[in-house]
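Peer 1: Just so it is clear, I am handing over my_file-v3.txt, which has compact mmCIF, C-alpha atoms.
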# COMPACT_ATOMS: atom_id res chain seq x y z
CA MET A 1079 173.05 129.39 67.70
CA TYR A 1080 169.97 131.05 66.23
CA GLU A 1081 169.48 134.09 64.12
CA ILE A 1082 166.13 135.81 64.66
CA GLN A 1083 164.73 138.50 62.44
CA VAL A 1084 162.13 140.62 64.17
CA PHE A 1085 159.89 142.75 61.96
CA VAL A 1086 158.29 145.71 63.71
CA THR A 1087 155.64 147.62 61.78
CA LEU A 1088 153.11 150.29 62.59
CA LYS A 1089 149.61 148.89 62.98
CA GLU A 1090 147.46 149.31 59.92
CA ALA A 1091 145.18 151.83 61.60
CA VAL A 1092 148.12 154.08 62.52
CA LEU A 1093 149.12 156.85 60.14
CA ASP A 1094 152.70 156.40 58.92
CA PRO A 1095 154.04 159.85 58.00
CA GLN A 1096 157.37 158.44 56.75
CA GLY A 1097 155.61 155.96 54.51
CA LYS A 1098 153.32 158.67 53.18
CA ALA A 1099 156.33 160.86 52.29
CA VAL A 1100 158.07 157.99 50.48
CA ASN A 1101 154.84 157.11 48.69
CA HIS A 1102 154.51 160.69 47.51
CA SER A 1103 158.13 160.77 46.35
CA LEU A 1104 157.76 157.50 44.40
CA ASN A 1105 154.65 158.89 42.71
CA GLN A 1106 156.60 162.01 41.77
CA LEU A 1107 159.36 159.88 40.26
CA GLY A 1108 156.76 158.38 37.97
CA TYR A 1109 155.90 155.23 39.91
CA SER A 1110 152.26 156.16 39.89
CA GLU A 1111 151.20 152.55 40.41
CA VAL A 1112 152.37 152.72 44.04
CA GLU A 1113 149.31 153.23 46.20
CA ASP A 1114 150.69 152.94 49.69
CA VAL A 1115 154.01 152.63 51.49
CA ARG A 1116 154.48 151.50 55.06
CA ILE A 1117 157.87 151.66 56.76
CA GLY A 1118 158.95 149.35 59.57
CA LYS A 1119 162.17 148.09 61.05
CA VAL A 1120 164.02 144.82 61.06
CA LEU A 1121 166.01 143.79 64.10
CA THR A 1122 168.39 140.88 63.76
CA LEU A 1123 169.15 139.06 67.00
CA THR A 1124 171.79 136.38 67.36
CA MET A 1125 170.99 134.14 70.27
CA ASN A 1126 172.20 131.12 72.15
CA GLY A 1127 169.82 128.83 73.92
CA GLU A 1128 167.52 125.88 73.70
CA LYS A 1129 165.37 125.82 70.60
CA GLU A 1130 162.20 125.39 72.64
CA THR A 1131 162.79 128.49 74.69
CA VAL A 1132 163.97 130.85 71.94
CA GLU A 1133 160.49 131.58 70.63
CA ALA A 1134 159.09 132.31 74.07
CA ARG A 1135 162.06 134.50 74.96
CA VAL A 1136 161.83 136.55 71.77
CA THR A 1137 158.07 137.01 72.23
CA GLU A 1138 158.80 138.30 75.71
CA MET A 1139 161.45 140.70 74.40
CA CYS A 1140 159.05 142.04 71.79
CA ASP A 1141 156.33 142.58 74.38
CA LYS A 1142 158.69 144.18 76.90
CA LEU A 1143 160.84 146.41 74.73
CA LEU A 1144 161.17 145.84 71.01
CA ALA A 1145 157.64 146.84 69.98
CA ASN A 1146 155.15 149.30 71.41
CA PRO A 1147 151.81 147.46 71.38
CA VAL A 1148 149.88 150.74 71.28
CA ILE A 1149 150.99 151.51 67.72
CA GLU A 1150 153.12 148.59 66.52
CA ASP A 1151 152.75 144.96 65.48
CA TYR A 1152 155.60 142.48 65.29
CA ARG A 1153 156.42 139.08 63.86
CA PHE A 1154 159.67 137.15 63.76
CA GLU A 1155 161.48 134.37 61.95
CA ILE A 1156 163.92 132.02 63.63
CA LYS A 1157 166.75 130.48 61.63
CA GLU A 1158 169.42 128.15 62.80
CA ALA A 1159 172.79 129.83 62.35
CA LEU A 1160 176.22 128.26 62.33
CA ALA A 1161 178.35 129.00 65.38
CA GLN A 1162 181.07 131.54 64.63
CA MET B 568 159.55 171.73 98.23
CA LYS B 569 162.13 169.34 96.78
CA PHE B 570 162.08 168.57 93.05
CA ALA B 571 163.98 165.74 91.40
CA VAL B 572 165.23 166.32 87.86
CA VAL B 573 165.91 162.85 86.43
CA VAL B 574 168.89 162.85 84.07
CA PHE B 575 169.04 160.20 81.35
CA PRO B 576 171.91 159.77 78.90
CA GLY B 577 170.83 162.27 76.25
CA SER B 578 168.68 164.56 78.40
CA ASN B 579 169.31 168.11 77.25
CA CYS B 580 166.63 170.17 78.99
CA ASP B 581 167.65 169.08 82.48
CA ILE B 582 169.52 172.31 83.16
CA ASP B 583 166.55 174.41 82.00
CA MET B 584 164.29 172.42 84.33
CA TYR B 585 166.71 172.87 87.23
CA HIS B 586 166.94 176.59 86.48
CA ALA B 587 163.14 176.92 86.41
CA ILE B 588 162.83 175.41 89.88
CA LYS B 589 165.92 176.80 91.57
CA ASP B 590 166.13 180.30 90.13
CA GLU B 591 162.61 181.17 88.99
CA LEU B 592 160.43 179.26 91.45
CA GLY B 593 162.98 179.56 94.26
CA GLU B 594 162.62 175.99 95.50
CA GLU B 595 165.02 173.09 95.92
CA ALA B 596 166.05 170.99 92.94
CA ALA B 597 168.50 168.13 92.48
CA TYR B 598 169.67 166.09 89.53
CA VAL B 599 169.00 162.37 89.92
CA ASP B 600 171.01 159.90 87.88
CA TYR B 601 169.18 157.25 85.82
CA ARG B 602 171.08 154.51 87.66
CA GLU B 603 169.39 155.40 90.95
CA THR B 604 166.36 153.33 91.87
CA SER B 605 164.51 155.53 94.35
CA LEU B 606 162.98 159.00 94.36
CA LYS B 607 161.71 158.74 97.93
CA ASP B 608 163.50 161.90 99.06
CA TYR B 609 161.62 164.19 96.68
CA ASP B 610 158.21 165.84 96.66
CA ALA B 611 157.91 165.99 92.88
CA VAL B 612 159.59 164.33 89.92
CA LEU B 613 160.51 166.09 86.67
CA LEU B 614 161.45 164.17 83.52
CA PRO B 615 163.17 166.64 81.21
CA GLY B 616 163.23 166.88 77.45
CA GLY B 617 166.04 165.72 75.22
CA PHE B 618 166.92 162.58 73.33
CA SER B 619 167.42 159.80 75.83
CA TYR B 620 169.48 157.08 74.17
CA GLY B 621 169.40 159.07 70.96
CA ASP B 622 165.74 158.11 70.44
CA TYR B 623 167.07 154.69 69.37
CA LEU B 624 164.43 151.97 68.92
CA ARG B 625 161.60 154.43 69.78
CA SER B 626 161.81 157.71 71.64
CA GLY B 627 161.70 157.06 75.38
CA ALA B 628 161.69 153.26 75.01
CA ILE B 629 165.09 152.49 76.48
CA ALA B 630 164.90 155.17 79.17
CA ALA B 631 161.67 153.59 80.42
CA ARG B 632 163.51 150.31 81.16
CA LEU B 633 166.29 151.79 83.33
CA PRO B 634 166.70 151.36 87.10
CA ILE B 635 165.15 154.77 87.84
CA ALA B 636 161.91 153.57 86.20
CA ALA B 637 161.06 151.80 89.46
CA GLY B 638 161.48 155.06 91.37
CA ILE B 639 159.33 156.99 88.89
CA LYS B 640 156.55 154.40 89.09
CA GLU B 641 156.74 154.37 92.86
CA ALA B 642 156.49 158.17 93.03
CA ALA B 643 153.49 158.12 90.69
CA GLU B 644 151.79 155.42 92.73
CA ALA B 645 152.46 157.39 95.91
CA GLY B 646 150.50 160.26 94.37
CA LYS B 647 153.47 162.61 94.01
CA PRO B 648 153.39 164.99 91.05
CA VAL B 649 155.33 163.55 88.11
CA LEU B 650 155.85 165.86 85.15
CA GLY B 651 157.28 164.64 81.85
CA VAL B 652 158.11 167.24 79.23
CA CYS B 653 158.79 166.32 75.59
CA ASN B 654 161.11 163.30 75.82
CA GLY B 655 159.89 163.03 79.41
CA PHE B 656 156.33 162.67 78.06
CA GLN B 657 157.54 159.97 75.67
CA VAL B 658 159.16 158.17 78.62
CA LEU B 659 155.89 158.33 80.62
CA LEU B 660 154.04 156.76 77.67
CA GLU B 661 156.65 154.03 77.38
CA LEU B 662 156.44 153.45 81.14
CA GLY B 663 152.70 152.92 80.77
CA LEU B 664 151.99 155.69 83.30
CA LEU B 665 150.06 157.53 80.60
CA PRO B 666 148.02 155.99 77.75
CA GLY B 667 148.85 156.27 74.05
CA ALA B 668 152.03 156.58 71.99
CA MET B 669 153.97 159.10 69.93
CA ARG B 670 154.34 159.08 66.16
CA ARG B 671 156.58 161.25 64.05
CA ASN B 672 155.16 164.70 63.32
CA ARG B 673 152.73 164.50 60.44
CA GLN B 674 154.79 166.94 58.37
CA LEU B 675 157.97 164.96 59.22
CA THR B 676 159.92 168.10 60.10
CA PHE B 677 161.31 168.98 63.48
CA ILE B 678 159.17 171.78 64.88
CA CYS B 679 160.76 174.47 67.03
CA LYS B 680 158.58 177.51 67.72
CA PRO B 681 156.30 179.10 70.29
CA ALA B 682 152.87 177.46 70.33
CA THR B 683 149.60 178.69 71.73
CA LEU B 684 148.06 176.19 74.11
CA ILE B 685 144.57 176.14 75.54
CA VAL B 686 144.22 175.13 79.18
CA GLU B 687 141.54 172.43 79.08
CA ASN B 688 141.54 171.47 82.72
CA ASN B 689 142.66 173.71 85.56
CA GLN B 690 141.55 171.22 88.20
CA THR B 691 144.93 169.48 88.38
CA VAL B 692 147.91 170.01 90.65
CA PHE B 693 149.81 171.29 87.60
CA THR B 694 147.28 173.79 86.28
CA SER B 695 145.40 175.30 89.23
CA THR B 696 146.85 178.79 88.70
CA TYR B 697 145.54 178.93 85.12
CA GLU B 698 141.99 179.64 84.02
CA ASN B 699 140.03 177.09 82.02
CA GLY B 700 140.13 178.05 78.36
CA GLN B 701 143.12 180.35 78.93
CA SER B 702 145.52 180.76 76.00
CA ILE B 703 149.17 180.45 76.98
CA SER B 704 152.36 180.66 74.96
CA ILE B 705 154.77 177.74 75.47
CA PRO B 706 157.51 176.74 73.02
CA VAL B 707 157.57 173.35 71.30
CA ALA B 708 160.69 171.55 70.02
CA HIS B 709 160.09 168.04 68.79
CA GLY B 710 160.19 165.69 65.82
CA GLU B 711 158.05 162.98 67.34
CA GLY B 712 155.17 164.70 69.10
CA ASN B 713 152.21 163.45 67.11
CA TYR B 714 150.11 162.01 69.93
CA PHE B 715 148.13 158.88 69.14
CA CYS B 716 145.65 156.76 71.03
CA ASP B 717 142.73 154.60 69.94
CA GLU B 718 139.18 155.95 70.03
CA GLU B 719 138.25 154.11 73.18
CA THR B 720 141.20 155.65 75.02
CA LEU B 721 140.38 159.09 73.62
CA ALA B 722 136.82 158.78 74.92
CA GLU B 723 138.19 157.83 78.34
CA LEU B 724 140.60 160.77 78.34
CA LYS B 725 137.70 163.11 77.68
CA GLU B 726 135.35 161.49 80.14
CA ASN B 727 137.90 161.65 82.95
CA ASN B 728 139.05 165.17 82.13
CA GLN B 729 142.57 163.92 81.44
CA ILE B 730 143.30 166.32 78.59
CA ALA B 731 145.20 169.15 80.28
CA PHE B 732 146.32 171.15 77.24
CA THR B 733 145.48 171.30 73.56
CA TYR B 734 147.19 173.22 70.77
CA LYS B 735 145.13 176.16 69.54
CA GLU B 736 146.11 175.19 66.00
CA ASP B 737 147.16 171.83 64.63
CA VAL B 738 150.93 171.71 65.23
CA ASN B 739 151.97 168.13 64.51
CA GLY B 740 148.91 166.02 63.68
CA SER B 741 148.11 164.96 67.25
CA ILE B 742 144.68 163.47 67.82
CA ASP B 743 142.25 166.23 68.85
CA ASN B 744 145.23 168.65 68.98
CA ILE B 745 146.30 167.11 72.28
CA ALA B 746 149.40 168.76 73.76
CA GLY B 747 149.32 167.31 77.28
CA ILE B 748 147.45 164.66 79.25
CA THR B 749 147.29 163.48 82.83
CA ASN B 750 146.68 160.06 84.30
CA GLU B 751 143.25 159.37 85.76
CA ARG B 752 144.32 160.31 89.25
CA GLY B 753 145.73 163.59 87.94
CA ASN B 754 149.20 163.43 89.51
CA VAL B 755 151.11 162.47 86.34
CA LEU B 756 151.27 164.98 83.48
CA GLY B 757 152.95 164.51 80.13
CA MET B 758 153.21 167.36 77.66
CA MET B 759 155.21 167.99 74.50
CA PRO B 760 155.61 171.80 74.87
CA HIS B 761 158.31 173.06 77.23
CA PRO B 762 157.02 175.05 80.24
CA GLU B 763 160.58 175.23 81.62
CA ARG B 764 161.55 177.32 78.59
CA ALA B 765 158.83 179.86 79.39
CA VAL B 766 159.59 180.92 82.95
CA ASP B 767 160.68 184.52 82.42
CA ASP B 768 159.46 187.30 80.15
CA LEU B 769 163.04 187.60 78.99
CA LEU B 770 162.55 184.22 77.30
CA GLY B 771 159.47 185.45 75.45
CA SER B 772 156.92 184.10 77.90
CA SER B 773 156.55 183.37 81.58
CA ASP B 774 153.36 181.34 81.10
CA GLY B 775 155.19 178.11 81.95
CA LEU B 776 156.17 179.34 85.41
CA HIS B 777 152.51 179.09 86.49
CA MET B 778 152.73 175.34 86.14
CA PHE B 779 155.50 175.13 88.70
CA GLN B 780 153.70 177.67 90.90
CA SER B 781 150.60 175.48 90.76
CA LEU B 782 152.64 172.54 92.06
CA LEU B 783 154.13 174.63 94.85
CA LYS B 784 150.74 176.06 95.82
CA GLN B 785 149.22 172.61 96.06
CA TRP B 786 152.14 171.28 98.06
CA ARG B 787 152.04 174.21 100.50
CA GLU B 788 148.31 173.81 100.97
CA SER B 789 148.61 170.10 101.65
CA HIS B 790 151.45 170.74 104.09
CA ALA B 791 149.69 173.75 105.62
CA ILE B 792 152.59 176.07 104.84
CA THR B 793 151.75 179.72 104.38
CA SER B 794 154.10 181.94 102.49
Let me see the file written as structure tokens.
Peer 2:
Amino acid sequence: MYEIQVFVTLKEAVLDPQGKAVNHSLNQLGYSEVEDVRIGKVLTLTMNGEKETVEARVTEMCDKLLANPVIEDYRFEIKEALAQ
Amino acid sequence: MKFAVVVFPGSNCDIDMYHAIKDELGEEAAYVDYRETSLKDYDAVLLPGGFSYGDYLRSGAIAARLPIAAGIKEAAEAGKPVLGVCNGFQVLLELGLLPGAMRRNRQLTFICKPATLIVENNQTVFTSTYENGQSISIPVAHGEGNYFCDEETLAELKENNQIAFTYKEDVNGSIDNIAGITNERGNVLGMMPHPERAVDDLLGSSDGLHMFQSLLKQWRESHAITS
């Protein structure tokens, strides 16, 4: 059993309105040292399968559905998880 | 002329679209379920606005991976008119039938108001009854309508005359105020504003009806039907 954390973030060149709003709010709260905020998402997948194929399968999932390559980048971490 | 209105879980402008075709244009319309795989029986395909799958993951992302996606792609490849409005536009982007992607509105708020659009290209099957440069009033209602594409794609859109509509004023932060684009061939149009909500003066504007009349005109001409 594997637990995979997929991190999907907007590409650096893409304006992140949510991040900008949070950045502004932090500045207003007095955290003036914050210069930029970017917001992404974390997807946690629990998967069965052979270790060798997990990476390839997750890459495929990211390319097919989980990320939009036009505006988003992704990376993921695979951890071995104990069977429930 | 037979129009398909594709209904996804979460579509909420499907009835408006149906009404526009059936009652205002006076042509045939039918709802097509997202579990169907073919749109062979129809002359044009309409992807309505709404929140397919609650906009989960990304707006339009899940809808673009459903069985009906094959039918939509097939219709587009066959050269049939395919119109995606609002969420329908987002689905067309996710399907890869149009270039680019949608970001959240720059001001982060949901925008719901009439917008003035400029017709940038009246040489498409969707816009032939408009004049180039004409100002039309079409309502917008979206939270994620901030159109993005890279500079290379933008240059291509311009070169190929694929920008169909722009906003007269900056509404949501879209690149070059883009409100609607077509594919290179010109038979697929995605737009954020809602022409189906502007089909009768009673609604505040009938400027959207011309889009459906353009489609009908083109279809009649190609089928040599005189009305």
Peer 1: At a cut-off of 9 Å, list the chain A residues touching chain B, using all atoms listed in the file, as a list in words.
Peer 2: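 Filtering chain A at 9 Å from chain B with all atoms listed in the file gives Val1092, Leu1093, Asp1094, Pro1095, Gln1096, Ala1099, Lys1142, Leu1143, Leu1144, Ala1145, Asn1146, Val1148 and Ile1149 of chain A.
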Peer 1: Report, in Å with one decimal, the straight-line distance from CA of Glu736 in chain B to CA of Thr676 in chain B.
Peer 2: 16.6 Å
Peer 1: Mind giving me the straight-line distance from CA of Phe693 in chain B to CA of Leu665 in chain B in Å, one decimal?
Peer 2: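 Computed distance, CA of Phe693 in chain B to CA of Leu665 in chain B, equals 15.4 Å.
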Peer 1: Take CA of Leu614 in chain B and CA of Val573 in chain B and report the distance between them in Å, one decimal.
Peer 2: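 Result for CA of Leu614 in chain B versus CA of Val573 in chain B: 5.5 Å, one decimal.
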Peer 1: Of the candidates A:Thr1087, A:Lys1129, A:Gly1108, A:Met1079, which shows the shortest atom-to-atom distance to Arg1153 in chain A, using all atoms listed in the file?
Peer 2: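 Looking at the shortest contact to Arg1153 in chain A, the residue is A:Thr1087.
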Peer 1: Looking at B:Phe570, B:Phe575, B:Tyr734, B:Phe656, which one is nearest to Pro681 in chain B, with distances taken over all atoms listed in the file?
Peer 2: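 Counting all atoms listed in the file, the residue closest to Pro681 in chain B is B:Tyr734.
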Peer 1: Which is closest to Val738 in chain B among B:Lys680, B:Leu783, B:Gly757, B:Asn750, if we use all atoms listed in the file?
Peer 2: B:Lys680
